[in-house]
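A.B. asks: Compact mmCIF, C-alpha atoms, file structure39.txt:
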# COMPACT_ATOMS: atom_id res chain seq x y z
CA MET A 60 122.52 82.33 78.17
CA GLU A 61 120.16 82.62 81.14
CA ARG A 62 117.47 80.01 81.56
CA ILE A 63 114.57 79.49 83.89
CA PRO A 64 115.24 76.37 85.97
CA ILE A 65 112.74 73.50 85.81
CA LEU A 66 112.70 71.35 88.95
CA LYS A 67 111.32 67.85 89.06
CA MET A 68 109.34 66.85 92.14
CA GLY A 69 107.92 63.38 91.80
CA ALA A 70 105.41 63.44 88.99
CA CYS A 71 105.45 67.24 88.89
CA LEU A 72 107.61 69.83 87.25
CA LEU A 73 108.08 73.04 89.15
CA VAL A 74 108.89 76.26 87.30
CA SER A 75 109.50 79.39 89.31
CA ILE A 76 109.88 82.53 87.30
CA GLN A 77 112.07 84.83 89.41
CA VAL A 78 113.28 87.25 86.75
CA ASP A 79 111.62 89.65 84.39
CA MET A 80 110.35 87.60 81.48
CA HIS A 81 111.51 88.79 78.11
CA ASP A 82 110.40 87.30 74.85
CA ARG A 83 113.41 85.07 74.17
CA LEU A 84 113.41 83.74 77.71
CA ALA A 85 109.75 82.80 77.35
CA LEU A 86 110.39 80.98 74.08
CA GLN A 87 113.34 79.17 75.67
CA LEU A 88 111.13 78.15 78.61
CA GLN A 89 108.51 76.82 76.22
CA ASP A 90 111.16 74.66 74.49
CA ASP A 91 112.75 73.43 77.73
CA LEU A 92 109.47 72.65 79.44
CA THR A 93 107.94 70.63 76.59
CA THR A 94 111.18 68.66 76.28
CA ARG A 95 111.27 67.97 80.01
CA ILE A 96 107.62 66.86 80.10
CA ALA A 97 108.25 64.47 77.24
CA ASP A 98 111.48 63.16 78.84
CA THR A 99 110.18 62.67 82.35
CA GLY A 100 106.57 61.82 81.61
CA ALA A 101 105.53 64.41 84.18
CA ARG A 102 101.82 64.55 84.89
CA GLY A 103 101.65 67.99 86.42
CA VAL A 104 103.31 71.35 85.83
CA LEU A 105 103.27 74.12 88.37
CA ILE A 106 104.32 77.59 87.22
CA ASP A 107 104.96 80.08 90.01
CA ILE A 108 104.80 83.67 88.75
CA SER A 109 104.66 85.43 92.11
CA SER A 110 107.79 87.43 91.29
CA LEU A 111 106.54 88.42 87.86
CA GLU A 112 105.47 92.06 88.03
CA VAL A 113 105.21 93.06 84.39
CA VAL A 114 103.40 91.21 81.65
CA ASP A 115 102.63 92.15 78.09
CA SER A 116 100.38 90.50 75.55
CA PHE A 117 103.22 88.29 74.32
CA ILE A 118 104.09 86.89 77.74
CA GLY A 119 100.38 86.43 78.46
CA ARG A 120 99.99 84.44 75.28
CA MET A 121 103.13 82.43 76.08
CA LEU A 122 101.63 81.41 79.44
CA ALA A 123 98.45 80.27 77.71
CA ASN A 124 100.49 78.43 75.06
CA ILE A 125 102.71 76.67 77.58
CA ALA A 126 99.61 75.48 79.44
CA ALA A 127 97.98 74.27 76.24
CA MET A 128 101.14 72.43 75.15
CA SER A 129 101.50 70.74 78.52
CA ARG A 130 97.94 69.60 78.30
CA VAL A 131 98.58 68.09 74.89
CA LEU A 132 101.49 66.22 76.49
CA ASP A 133 99.06 65.03 79.19
CA ALA A 134 100.35 67.17 82.03
CA GLU A 135 98.01 69.34 84.06
CA THR A 136 99.21 72.94 84.37
CA VAL A 137 98.55 75.24 87.29
CA VAL A 138 99.65 78.88 87.33
CA VAL A 139 100.10 80.14 90.89
CA GLY A 140 100.83 83.36 92.72
CA MET A 141 99.73 85.90 90.15
CA GLN A 142 100.05 89.50 91.33
CA PRO A 143 96.86 91.62 91.33
CA ALA A 144 98.34 94.08 88.84
CA VAL A 145 99.28 91.24 86.49
CA ALA A 146 95.79 89.74 86.73
CA ILE A 147 94.17 93.08 85.92
CA THR A 148 96.54 93.63 83.00
CA LEU A 149 95.84 90.20 81.51
CA VAL A 150 92.08 90.73 81.78
CA GLU A 151 92.34 94.18 80.23
CA LEU A 152 94.44 92.72 77.42
CA GLY A 153 91.63 90.26 76.77
CA LEU A 154 93.72 87.27 77.87
CA PRO A 155 91.78 85.67 80.74
CA LEU A 156 93.80 82.43 80.20
CA THR A 157 90.61 80.39 80.05
CA GLY A 158 92.12 76.90 79.78
CA VAL A 159 94.61 77.43 82.60
CA ARG A 160 93.99 76.41 86.18
CA THR A 161 95.10 78.85 88.84
CA ALA A 162 95.81 78.87 92.55
CA LEU A 163 96.74 81.49 95.08
CA ASP A 164 100.12 80.05 96.05
CA VAL A 165 102.37 77.03 95.48
CA GLU A 166 100.68 75.15 98.32
CA GLY A 167 97.23 75.63 96.78
CA GLY A 168 98.57 74.65 93.37
CA MET A 169 100.07 71.42 94.74
CA GLU A 170 96.74 70.58 96.38
CA LEU A 171 94.97 71.10 93.07
CA LEU A 172 97.47 68.85 91.27
CA SER A 173 97.32 66.05 93.82
CA ALA A 174 93.53 66.22 93.77
CA SER A 175 93.51 65.80 90.03
CA PHE A 176 96.04 62.91 90.27
CA ALA A 177 93.86 61.23 92.84
CA ALA A 178 90.79 61.55 90.62
CA PRO A 179 89.33 58.21 89.64
CA GLY A 180 90.02 56.97 86.14
CA LEU A 181 93.77 57.50 86.34
CA GLU A 182 95.61 54.21 86.51
CA ASP A 183 97.83 54.46 89.58
CA GLY A 184 95.61 57.01 91.33
CA GLY A 185 98.22 57.43 94.07
CA GLY A 186 99.55 60.55 95.72
CA LEU A 187 101.68 63.23 94.26
CA LEU A 188 105.10 61.70 94.94
CA MET B 116 95.73 151.30 76.56
CA LYS B 117 98.62 151.64 78.99
CA PRO B 118 98.57 154.58 81.40
CA SER B 119 101.71 156.67 81.27
CA GLY B 120 103.64 158.60 83.89
CA THR B 121 103.89 157.91 87.60
CA SER B 122 100.79 157.27 89.60
CA ARG B 123 99.63 159.38 92.51
CA LEU B 124 97.69 156.44 93.83
CA PRO B 125 100.25 155.26 96.45
CA ASP B 126 100.34 158.74 98.03
CA ILE B 127 96.56 159.04 97.98
CA LEU B 128 96.20 155.58 99.50
CA ARG B 129 98.59 156.39 102.30
CA ALA B 130 96.96 159.73 103.07
CA HIS B 131 93.36 158.53 102.98
CA GLU B 132 93.65 154.88 104.05
CA ARG B 133 91.41 155.39 107.09
CA GLU B 134 88.53 156.98 105.13
CA ILE B 135 88.72 154.46 102.32
CA LEU B 136 88.65 151.59 104.77
CA ASP B 137 85.63 152.97 106.64
CA GLU B 138 83.68 153.58 103.47
CA TRP B 139 84.63 150.20 102.04
CA ILE B 140 83.57 148.30 105.14
CA ALA B 141 80.27 150.16 105.33
CA LEU B 142 79.67 149.25 101.70
CA GLN B 143 80.55 145.59 102.24
CA LEU B 144 78.41 145.28 105.33
CA ASP B 145 75.57 146.75 103.36
CA SER B 146 75.90 144.29 100.46
CA LEU B 147 76.65 141.39 102.80
CA SER B 148 73.53 141.98 104.86
CA THR B 149 72.11 138.61 103.87
CA ARG B 150 75.38 136.73 104.50
CA ARG B 151 75.96 137.79 108.10
CA ASP B 152 75.49 134.17 109.15
CA LEU B 153 78.60 133.11 107.24
CA ILE B 154 81.13 135.68 108.37
CA SER B 155 81.47 137.84 111.47
CA GLU B 156 81.88 141.61 111.32
CA SER B 157 85.21 141.53 113.10
CA GLU B 158 86.60 138.99 110.66
CA LEU B 159 85.47 141.10 107.72
CA LEU B 160 87.07 144.14 109.31
CA ARG B 161 90.33 142.30 109.80
CA GLN B 162 90.37 140.93 106.24
CA SER B 163 89.61 144.35 104.75
CA ARG B 164 92.26 146.11 106.82
CA ASP B 165 94.91 143.52 105.96
CA PHE B 166 94.04 143.66 102.28
CA LEU B 167 94.01 147.45 102.08
CA SER B 168 97.37 147.85 103.81
CA ALA B 169 98.92 145.12 101.65
CA PHE B 170 97.38 146.79 98.61
CA ALA B 171 98.81 150.20 99.53
CA GLU B 172 102.21 148.63 100.18
CA ALA B 173 102.20 146.80 96.84
CA ALA B 174 100.96 149.88 94.96
CA ALA B 175 103.91 151.87 96.34
CA THR B 176 106.61 149.27 95.69
CA GLY B 177 105.35 146.64 93.27
CA GLY B 178 104.38 148.80 90.31
CA LEU B 179 100.73 149.32 89.51
CA ASP B 180 101.02 148.02 85.95
CA ARG B 181 102.22 144.53 86.98
CA PRO B 182 99.64 142.99 89.34
CA SER B 183 101.00 139.53 88.47
CA GLY B 184 104.58 140.53 89.30
CA PRO B 185 106.58 139.67 92.44
CA GLY B 186 105.72 143.00 94.12
CA TRP B 187 102.11 141.83 94.53
CA ALA B 188 102.93 138.40 95.97
CA THR B 189 101.74 139.35 99.48
CA VAL B 190 98.43 140.66 98.14
CA ARG B 191 97.89 137.52 96.08
CA GLU B 192 98.69 135.24 99.01
CA LEU B 193 96.23 137.18 101.14
CA LEU B 194 93.55 136.78 98.47
CA ASP B 195 94.36 133.05 98.11
CA ARG B 196 93.76 132.53 101.80
CA LEU B 197 90.63 134.65 101.72
CA SER B 198 88.96 132.94 98.78
CA GLU B 199 89.88 129.48 100.08
CA ALA B 200 88.26 130.35 103.37
CA ARG B 201 85.19 131.74 101.64
CA ALA B 202 84.88 128.69 99.39
CA LEU B 203 84.73 126.59 102.56
CA GLN B 204 82.32 129.01 104.28
CA GLY B 205 79.86 128.62 101.42
CA PHE B 206 80.12 131.97 99.63
CA SER B 207 79.31 132.05 95.93
CA PRO B 208 82.11 132.94 93.47
CA ALA B 209 80.44 136.29 92.72
CA GLU B 210 80.26 137.18 96.42
CA THR B 211 83.93 136.25 96.83
CA ALA B 212 85.05 138.35 93.87
CA THR B 213 82.88 141.27 95.04
CA PHE B 214 85.23 141.58 98.03
CA VAL B 215 87.85 142.96 95.64
CA PHE B 216 85.54 144.74 93.19
CA SER B 217 83.70 146.62 95.93
CA LEU B 218 86.92 148.47 96.74
CA LYS B 219 86.50 150.39 93.47
CA GLN B 220 83.73 152.64 94.70
CA PRO B 221 85.49 154.10 97.78
CA LEU B 222 88.76 154.36 95.82
CA PHE B 223 87.08 156.25 92.98
CA THR B 224 85.31 158.57 95.41
CA THR B 225 88.61 159.41 97.05
CA LEU B 226 90.33 159.89 93.70
CA ARG B 227 87.55 162.24 92.57
CA ARG B 228 87.94 164.26 95.74
CA THR B 229 91.72 164.57 95.52
CA ILE B 230 92.40 164.92 91.78
CA PRO B 231 90.69 167.92 90.24
CA ASP B 232 92.07 167.47 86.70
CA ALA B 233 89.66 165.35 84.59
CA ALA B 234 92.33 163.77 82.34
CA ALA B 235 94.54 162.79 85.29
CA LEU B 236 91.52 161.44 87.15
CA ALA B 237 90.51 159.25 84.21
CA GLU B 238 94.03 157.89 83.97
CA GLU B 239 94.22 157.07 87.67
CA ALA B 240 90.78 155.44 87.55
CA TRP B 241 91.86 153.31 84.62
CA ARG B 242 94.98 152.19 86.52
CA VAL B 243 92.96 151.23 89.56
CA THR B 244 90.43 149.38 87.41
CA LEU B 245 93.15 147.34 85.70
CA VAL B 246 94.78 146.31 88.99
CA LEU B 247 91.53 145.50 90.80
CA ASP B 248 90.16 143.53 87.82
CA ALA B 249 93.30 141.41 87.73
CA LEU B 250 93.09 140.80 91.48
CA GLY B 251 89.38 140.01 91.27
CA LEU B 252 89.96 137.43 88.56
CA HIS B 253 92.75 135.94 90.64
CA THR B 254 90.30 135.59 93.53
CA THR B 255 87.75 133.82 91.34
CA GLU B 256 90.39 131.47 89.98
CA THR B 257 91.58 130.52 93.45
CA TYR B 258 87.99 130.03 94.55
CA GLN B 259 87.34 127.75 91.57
CA ARG B 260 90.50 125.74 92.19
CA ARG B 261 89.59 125.26 95.83
CA ARG B 262 86.09 124.08 94.88
CA ASP B 263 87.53 121.65 92.33
CA GLU B 264 89.81 120.23 95.02
CA ILE B 265 86.84 119.75 97.34
CA ILE B 266 84.86 117.97 94.60
CA ALA B 267 87.78 115.72 93.66
CA ARG B 268 88.34 114.78 97.29
CA GLN B 269 84.69 113.95 97.78
CA GLN B 270 84.66 111.79 94.66
CA GLN B 271 87.71 109.90 95.91
CA GLU B 272 86.08 109.40 99.30
CA MET B 273 82.91 108.11 97.65
CA LEU B 274 84.96 105.64 95.63
CA GLU B 275 86.76 104.33 98.67
CA LEU B 276 83.65 104.25 100.83
CA SER B 277 81.61 102.34 98.31
CA THR B 278 83.94 99.36 97.87
CA PRO B 279 84.42 97.59 101.19
CA VAL B 280 85.72 94.04 101.07
CA VAL B 281 84.51 92.00 104.04
CA THR B 282 85.72 88.64 105.29
CA LEU B 283 82.75 86.33 105.87
CA TRP B 284 84.80 83.36 106.99
CA ASP B 285 88.37 82.11 106.76
CA GLY B 286 89.02 82.05 103.05
CA ILE B 287 85.67 83.54 102.02
CA LEU B 288 85.44 87.20 101.02
CA ALA B 289 82.32 89.19 100.17
CA LEU B 290 82.17 92.40 98.17
CA PRO B 291 78.80 94.15 98.54
CA LEU B 292 78.59 96.46 95.53
CA ILE B 293 76.43 99.55 95.94
CA GLY B 294 75.70 102.07 93.22
CA THR B 295 76.31 102.14 89.51
CA LEU B 296 79.36 100.28 88.25
CA ASP B 297 81.36 102.35 85.79
CA SER B 298 84.87 101.77 84.51
CA ALA B 299 86.56 103.83 87.22
CA ARG B 300 84.68 102.08 90.02
CA THR B 301 85.28 98.65 88.51
CA GLN B 302 88.98 99.42 88.54
CA VAL B 303 88.88 100.31 92.25
CA VAL B 304 86.64 97.34 93.06
CA MET B 305 88.92 94.96 91.19
CA GLU B 306 92.08 96.29 92.79
CA SER B 307 90.75 96.20 96.34
CA LEU B 308 89.28 92.73 95.86
CA LEU B 309 92.48 91.28 94.41
CA GLN B 310 94.58 92.87 97.11
CA ARG B 311 92.35 91.41 99.81
CA ILE B 312 92.53 88.00 98.12
CA VAL B 313 96.32 88.11 98.35
CA ALA B 314 96.29 89.48 101.91
CA THR B 315 93.85 86.92 103.29
CA GLY B 316 94.70 83.96 101.04
CA SER B 317 91.02 83.54 100.25
CA ARG B 318 89.85 80.94 97.76
CA ILE B 319 86.30 82.17 97.29
CA ALA B 320 84.94 85.68 96.67
CA ILE B 321 81.26 86.59 96.58
CA LEU B 322 80.26 89.63 94.49
CA ASP B 323 76.93 90.81 95.82
CA ILE B 324 75.11 93.10 93.38
CA THR B 325 71.96 93.68 95.44
CA GLY B 326 72.84 97.37 95.59
CA VAL B 327 73.54 97.80 91.89
CA PRO B 328 70.46 99.56 90.49
CA MET B 329 70.94 98.63 86.88
CA VAL B 330 72.90 96.04 84.94
CA ASP B 331 73.58 96.62 81.26
CA THR B 332 76.07 94.96 78.94
CA LEU B 333 78.83 97.28 80.10
CA VAL B 334 78.24 96.58 83.79
CA ALA B 335 78.04 92.84 83.05
CA GLN B 336 81.31 93.07 81.19
CA HIS B 337 82.90 94.86 84.15
CA LEU B 338 81.63 92.13 86.47
CA LEU B 339 82.98 89.39 84.24
CA LYS B 340 86.34 91.15 84.09
CA THR B 341 86.51 91.19 87.88
CA VAL B 342 85.59 87.51 87.98
CA ALA B 343 88.24 86.67 85.38
CA ALA B 344 90.93 88.60 87.26
CA ALA B 345 90.05 86.89 90.55
CA ARG B 346 90.17 83.53 88.80
CA LEU B 347 93.64 84.31 87.48
CA MET B 348 94.72 84.84 91.07
CA GLY B 349 93.33 81.45 91.98
CA ALA B 350 90.07 82.51 93.64
CA ASP B 351 86.59 81.43 92.57
CA CYS B 352 83.88 84.05 92.27
CA ILE B 353 80.18 83.73 92.98
CA ILE B 354 77.82 86.50 91.91
CA SER B 355 74.86 86.94 94.24
CA GLY B 356 71.98 89.33 94.79
CA ILE B 357 70.56 89.08 91.29
CA ARG B 358 67.05 90.51 91.35
CA PRO B 359 64.35 89.12 89.04
CA GLN B 360 64.38 92.21 86.82
CA ILE B 361 68.14 92.02 86.50
CA ALA B 362 67.98 88.32 85.60
CA GLN B 363 65.51 89.23 82.84
CA THR B 364 67.70 92.06 81.57
CA ILE B 365 70.77 89.83 81.52
CA VAL B 366 69.03 87.19 79.43
CA HIS B 367 67.42 89.75 77.10
CA LEU B 368 70.80 91.39 76.53
CA GLY B 369 72.34 88.02 75.72
CA VAL B 370 75.04 88.36 78.40
CA ASP B 371 76.76 85.04 78.95
CA LEU B 372 77.11 84.37 82.67
CA ASN B 373 77.49 80.60 82.24
CA SER B 374 81.11 80.66 83.32
CA VAL B 375 80.18 82.09 86.74
CA THR B 376 78.17 80.62 89.58
CA THR B 377 75.21 82.90 90.24
CA LYS B 378 72.89 82.87 93.23
CA ALA B 379 69.81 84.88 94.11
CA THR B 380 70.87 85.91 97.61
CA LEU B 381 74.04 86.39 99.54
CA ALA B 382 72.95 83.64 101.94
CA ASP B 383 72.72 81.12 99.08
CA ALA B 384 76.13 82.15 97.84
CA PHE B 385 77.58 81.84 101.35
CA ARG B 386 76.13 78.32 101.64
CA VAL B 387 77.81 77.32 98.37
CA ALA B 388 81.07 78.88 99.52
CA LEU B 389 80.95 76.93 102.81
CA GLN B 390 80.19 73.73 100.94
CA ARG B 391 83.15 74.23 98.61
CA SER B 392 85.43 74.86 101.58
CA GLY B 393 84.17 71.64 103.17
CA LEU B 394 82.42 73.46 105.98
CA ALA B 395 78.87 73.06 107.24
CA VAL B 396 76.64 75.01 109.60
CA THR B 397 74.72 72.83 112.07
CA ARG B 398 72.17 73.74 114.68
CA GLY B 399 73.64 73.04 118.13
CA ALA B 400 71.92 72.99 121.51
CA ALA B 401 70.48 76.43 122.07
CA ALA B 402 72.71 78.47 124.33
CA PRO B 403 71.00 79.82 127.44
CA ALA B 404 69.96 83.39 127.04
CA PRO B 405 72.17 85.79 128.99
CA GLY B 406 70.66 86.64 132.38
CA SER B 407 68.47 83.53 132.59
CA ALA B 408 71.39 81.26 133.57
CA GLY B 409 71.81 80.27 137.24
CA ALA B 410 68.39 81.54 138.26
In structure tokens, how does this file's structure come out?
C.D. replies:
Amino acid sequence: MERIPILKMGACLLVSIQVDMHDRLALQLQDDLTTRIADTGARGVLIDISSLEVVDSFIGRMLANIAAMSRVLDAETVVVGMQPAVAITLVELGLPLTGVRTALDVEGGMELLSASFAAPGLEDGGGLL
Amino acid sequence: MKPSGTSRLPDILRAHEREILDEWIALQLDSLSTRRDLISESELLRQSRDFLSAFAEAAATGGLDRPSGPGWATVRELLDRLSEARALQGFSPAETATFVFSLKQPLFTTLRRTIPDAAALAEEAWRVTLVLDALGLHTTETYQRRRDEIIARQQQEMLELSTPVVTLWDGILALPLIGTLDSARTQVVMESLLQRIVATGSRIAILDITGVPMVDTLVAQHLLKTVAAARLMGADCIISGIRPQIAQTIVHLGVDLNSVTTKATLADAFRVALQRSGLAVTRGAAAPAPGSAGA
């Protein structure tokens, strides 16, 4: 069965969605990602959806759920590279993904994550890697 | 009522084409006396001659009872061109249709002169009326279609003109909104803004609503939608150009703009945007005015 790969980069998990999301794939990703965060103790998750061209209400909700779950597991989630059409669709569906942080591309997302790692109050306060 | 038997009209047309044309043109020039500024006499003459010869041709071969059939295709094409041209020249629909209807009078005069029998004359007149009515309606329809096209094109141009996205600085976009925001315009605004965000990799977008005359709950909702969509793409939005009256309306309506940074003027918003990008504007040594240097 096809899966969406989850790559570990230092304290971050990188998920790049390169195929059309269907409902089972999204559920599978939710399972895999939460397991990986728990296993690795990752502190940041970066989801790249630049190749995602079609979303429906279910996928939109899954994105919000995945972000919320990661946050519960103490990992910051950033969704990057959303297409204009996808953004408009999500807003029209009434899913503005309010708890999720966003960035224009992977680079911007990484900056956001390292900035939040470097924020005072976190114990090792070091860089991303 | 369908006329029966073969028509004598094609023969009459062929025999008296010259007279009919002269009478028709005199009539048209008379009724067009106030519209001479829109169309020249020679053009009218050419159009009338072309139409009458095509009409005679179609009457002989195409069958007078089927003005929508293939035999009349040339006549219809001619009328299409004519009414499109007249729609552009500024004629009214009635004036355009009169081009066809005014042919009735000279035709009837000729028929009356050439057919002595009253019953046959009535039948021929009825045939001519049917054909010319159908052609006249066709002219009006074409005219209407052409006008609709012009209106639709102008609307589209207005939409595109009224939503420019400008780059203020590297990574800072501004969208000066002018005119009332309705759903259709919001859609265009949103799309062009998001596309520019992707194209320029901008992190901050300023929505300037100085030119929006009125903000109600619907307009506010449209604005918030645009802000939410830009945020999903990873760009922050600042709304600027909020006039005092609009600020009052927003609060009275209970619109929640807490999630968005709002500023009174575009300059304030630009300052915030520079700050967030880690940029600052400082006053340097004044540059010498051009012309005064090396005096």
A.B. asks: Box time for region 203-221 of chain B: axis-aligned, enclosing all its listed atoms, 8 Å extra on each side; report centre and edge lengths in Å to one decimal, as lines of an AutoDock Vina configuration file.
C.D. replies:
center_x = 83.6
center_y = 140.3
center_z = 98.5
size_x = 24.5
size_y = 43.5
size_z = 27.6
A.B. asks: Would you list the contacts of region 124-128 of chain A as a list in words, taking every protein, DNA or RNA residue within 9 Å and counting all atoms listed in the file, but skipping same-chain residues closer than 3 positions in sequence?
C.D. replies: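 Residues meeting the cut-off are Leu88, Gln89, Leu92, Thr93, Val104, Gly119, Arg120, Met121, Val131, Leu132, Asp133, Ala134, Glu135, Thr136, Val137, Val138, Gly158, Val159 and Arg160 of chain A.
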A.B. asks: Near chain A, which residues of chain B fall within 6 Å when you count all atoms listed in the file, and what do they look like as a VMD selection string?
C.D. replies: chain B and resid 309 343 to 344 347 to 349
A.B. asks: Find the residues near Val304 (chain B): any atom within 9 Å, counting all atoms listed in the file, skip ones fewer than 2 places away on the same chain, and give them as a PyMOL selection string.
C.D. replies: chain B and resi 274-275+277-280+290+292+299-302+306-309+341
A.B. asks: Could those selected residues go to a file with C-alpha atoms, as a PDB file, in the coordinates of the input?
C.D. replies:
ATOM      1  CA  LEU B 274      84.960 105.640  95.630  1.00  0.00           C
ATOM      2  CA  GLU B 275      86.760 104.330  98.670  1.00  0.00           C
ATOM      3  CA  SER B 277      81.610 102.340  98.310  1.00  0.00           C
ATOM      4  CA  THR B 278      83.940  99.360  97.870  1.00  0.00           C
ATOM      5  CA  PRO B 279      84.420  97.590 101.190  1.00  0.00           C
ATOM      6  CA  VAL B 280      85.720  94.040 101.070  1.00  0.00           C
ATOM      7  CA  LEU B 290      82.170  92.400  98.170  1.00  0.00           C
ATOM      8  CA  LEU B 292      78.590  96.460  95.530  1.00  0.00           C
ATOM      9  CA  ALA B 299      86.560 103.830  87.220  1.00  0.00           C
ATOM     10  CA  ARG B 300      84.680 102.080  90.020  1.00  0.00           C
ATOM     11  CA  THR B 301      85.280  98.650  88.510  1.00  0.00           C
ATOM     12  CA  GLN B 302      88.980  99.420  88.540  1.00  0.00           C
ATOM     13  CA  GLU B 306      92.080  96.290  92.790  1.00  0.00           C
ATOM     14  CA  SER B 307      90.750  96.200  96.340  1.00  0.00           C
ATOM     15  CA  LEU B 308      89.280  92.730  95.860  1.00  0.00           C
ATOM     16  CA  LEU B 309      92.480  91.280  94.410  1.00  0.00           C
ATOM     17  CA  THR B 341      86.510  91.190  87.880  1.00  0.00           C
TER      18      THR B 341
END
A.B. asks: With all atoms listed in the file counted, which protein, DNA or RNA residues have an atom no more than 12 Å from (113.3, 83.2, 86.2) in the file frame? Please answer as a PyMOL selection string.
C.D. replies: chain A and resi 61-65+73-81+84-85+87-88+106-112
A.B. asks: How far is it from CA of Gly356 (chain B) to CA of Ala289 (chain B), in Å with one decimal?
C.D. replies: 11.7 Å
A.B. asks: Report, in Å to a single decimal, how far apart CA of Gly178 (chain B) and CA of Arg242 (chain B) are.
C.D. replies: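 Distance between the two atoms: 10.7 Å.
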A.B. asks: Can you tell me, as a list in words, what residues are no more than 9 Å from region 323-333 of chain B when counting only C-alpha atoms, ignoring any on the same chain fewer than 5 positions away?
C.D. replies: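 In the requested format, the answer is Ala289, Leu290, Pro291, Leu292, Ile293, Gly294, Thr295, Leu296, Asp297, Ser298, Leu338, Ile353, Ile354, Ser355, Gly356, Ile357, Arg358, Ile361, Thr364, Ile365, Leu368, Gly369, Val370, Thr380, Leu381 and Ala384 of chain B.
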A.B. asks: CA of Arg164 (chain B) to CA of Leu245 (chain B): how many Å, to one decimal?
C.D. replies: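 Result for CA of Arg164 (chain B) versus CA of Leu245 (chain B): 21.2 Å, one decimal.
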A.B. asks: Rank nothing, just name the residue among B:Gln220, B:Ser155, B:Asn373, B:Ser183 nearest to Gln204 (chain B), using only C-alpha atoms.
C.D. replies: B:Ser155
A.B. asks: Give me the residues within 8 Å of Gly100 (chain A) as number ranges by chain, counting all atoms listed in the file and dropping any in the same chain fewer than 4 places off.
C.D. replies: A: 70, 95-96
A.B. asks: Could you give me, as a PyMOL selection string, the residues within 9 Å of region 259-263 of chain B, counting all atoms listed in the file and dropping anything in the same chain fewer than 4 positions from it?
C.D. replies: chain B and resi 198-199+202-203+208+254-255+267-268
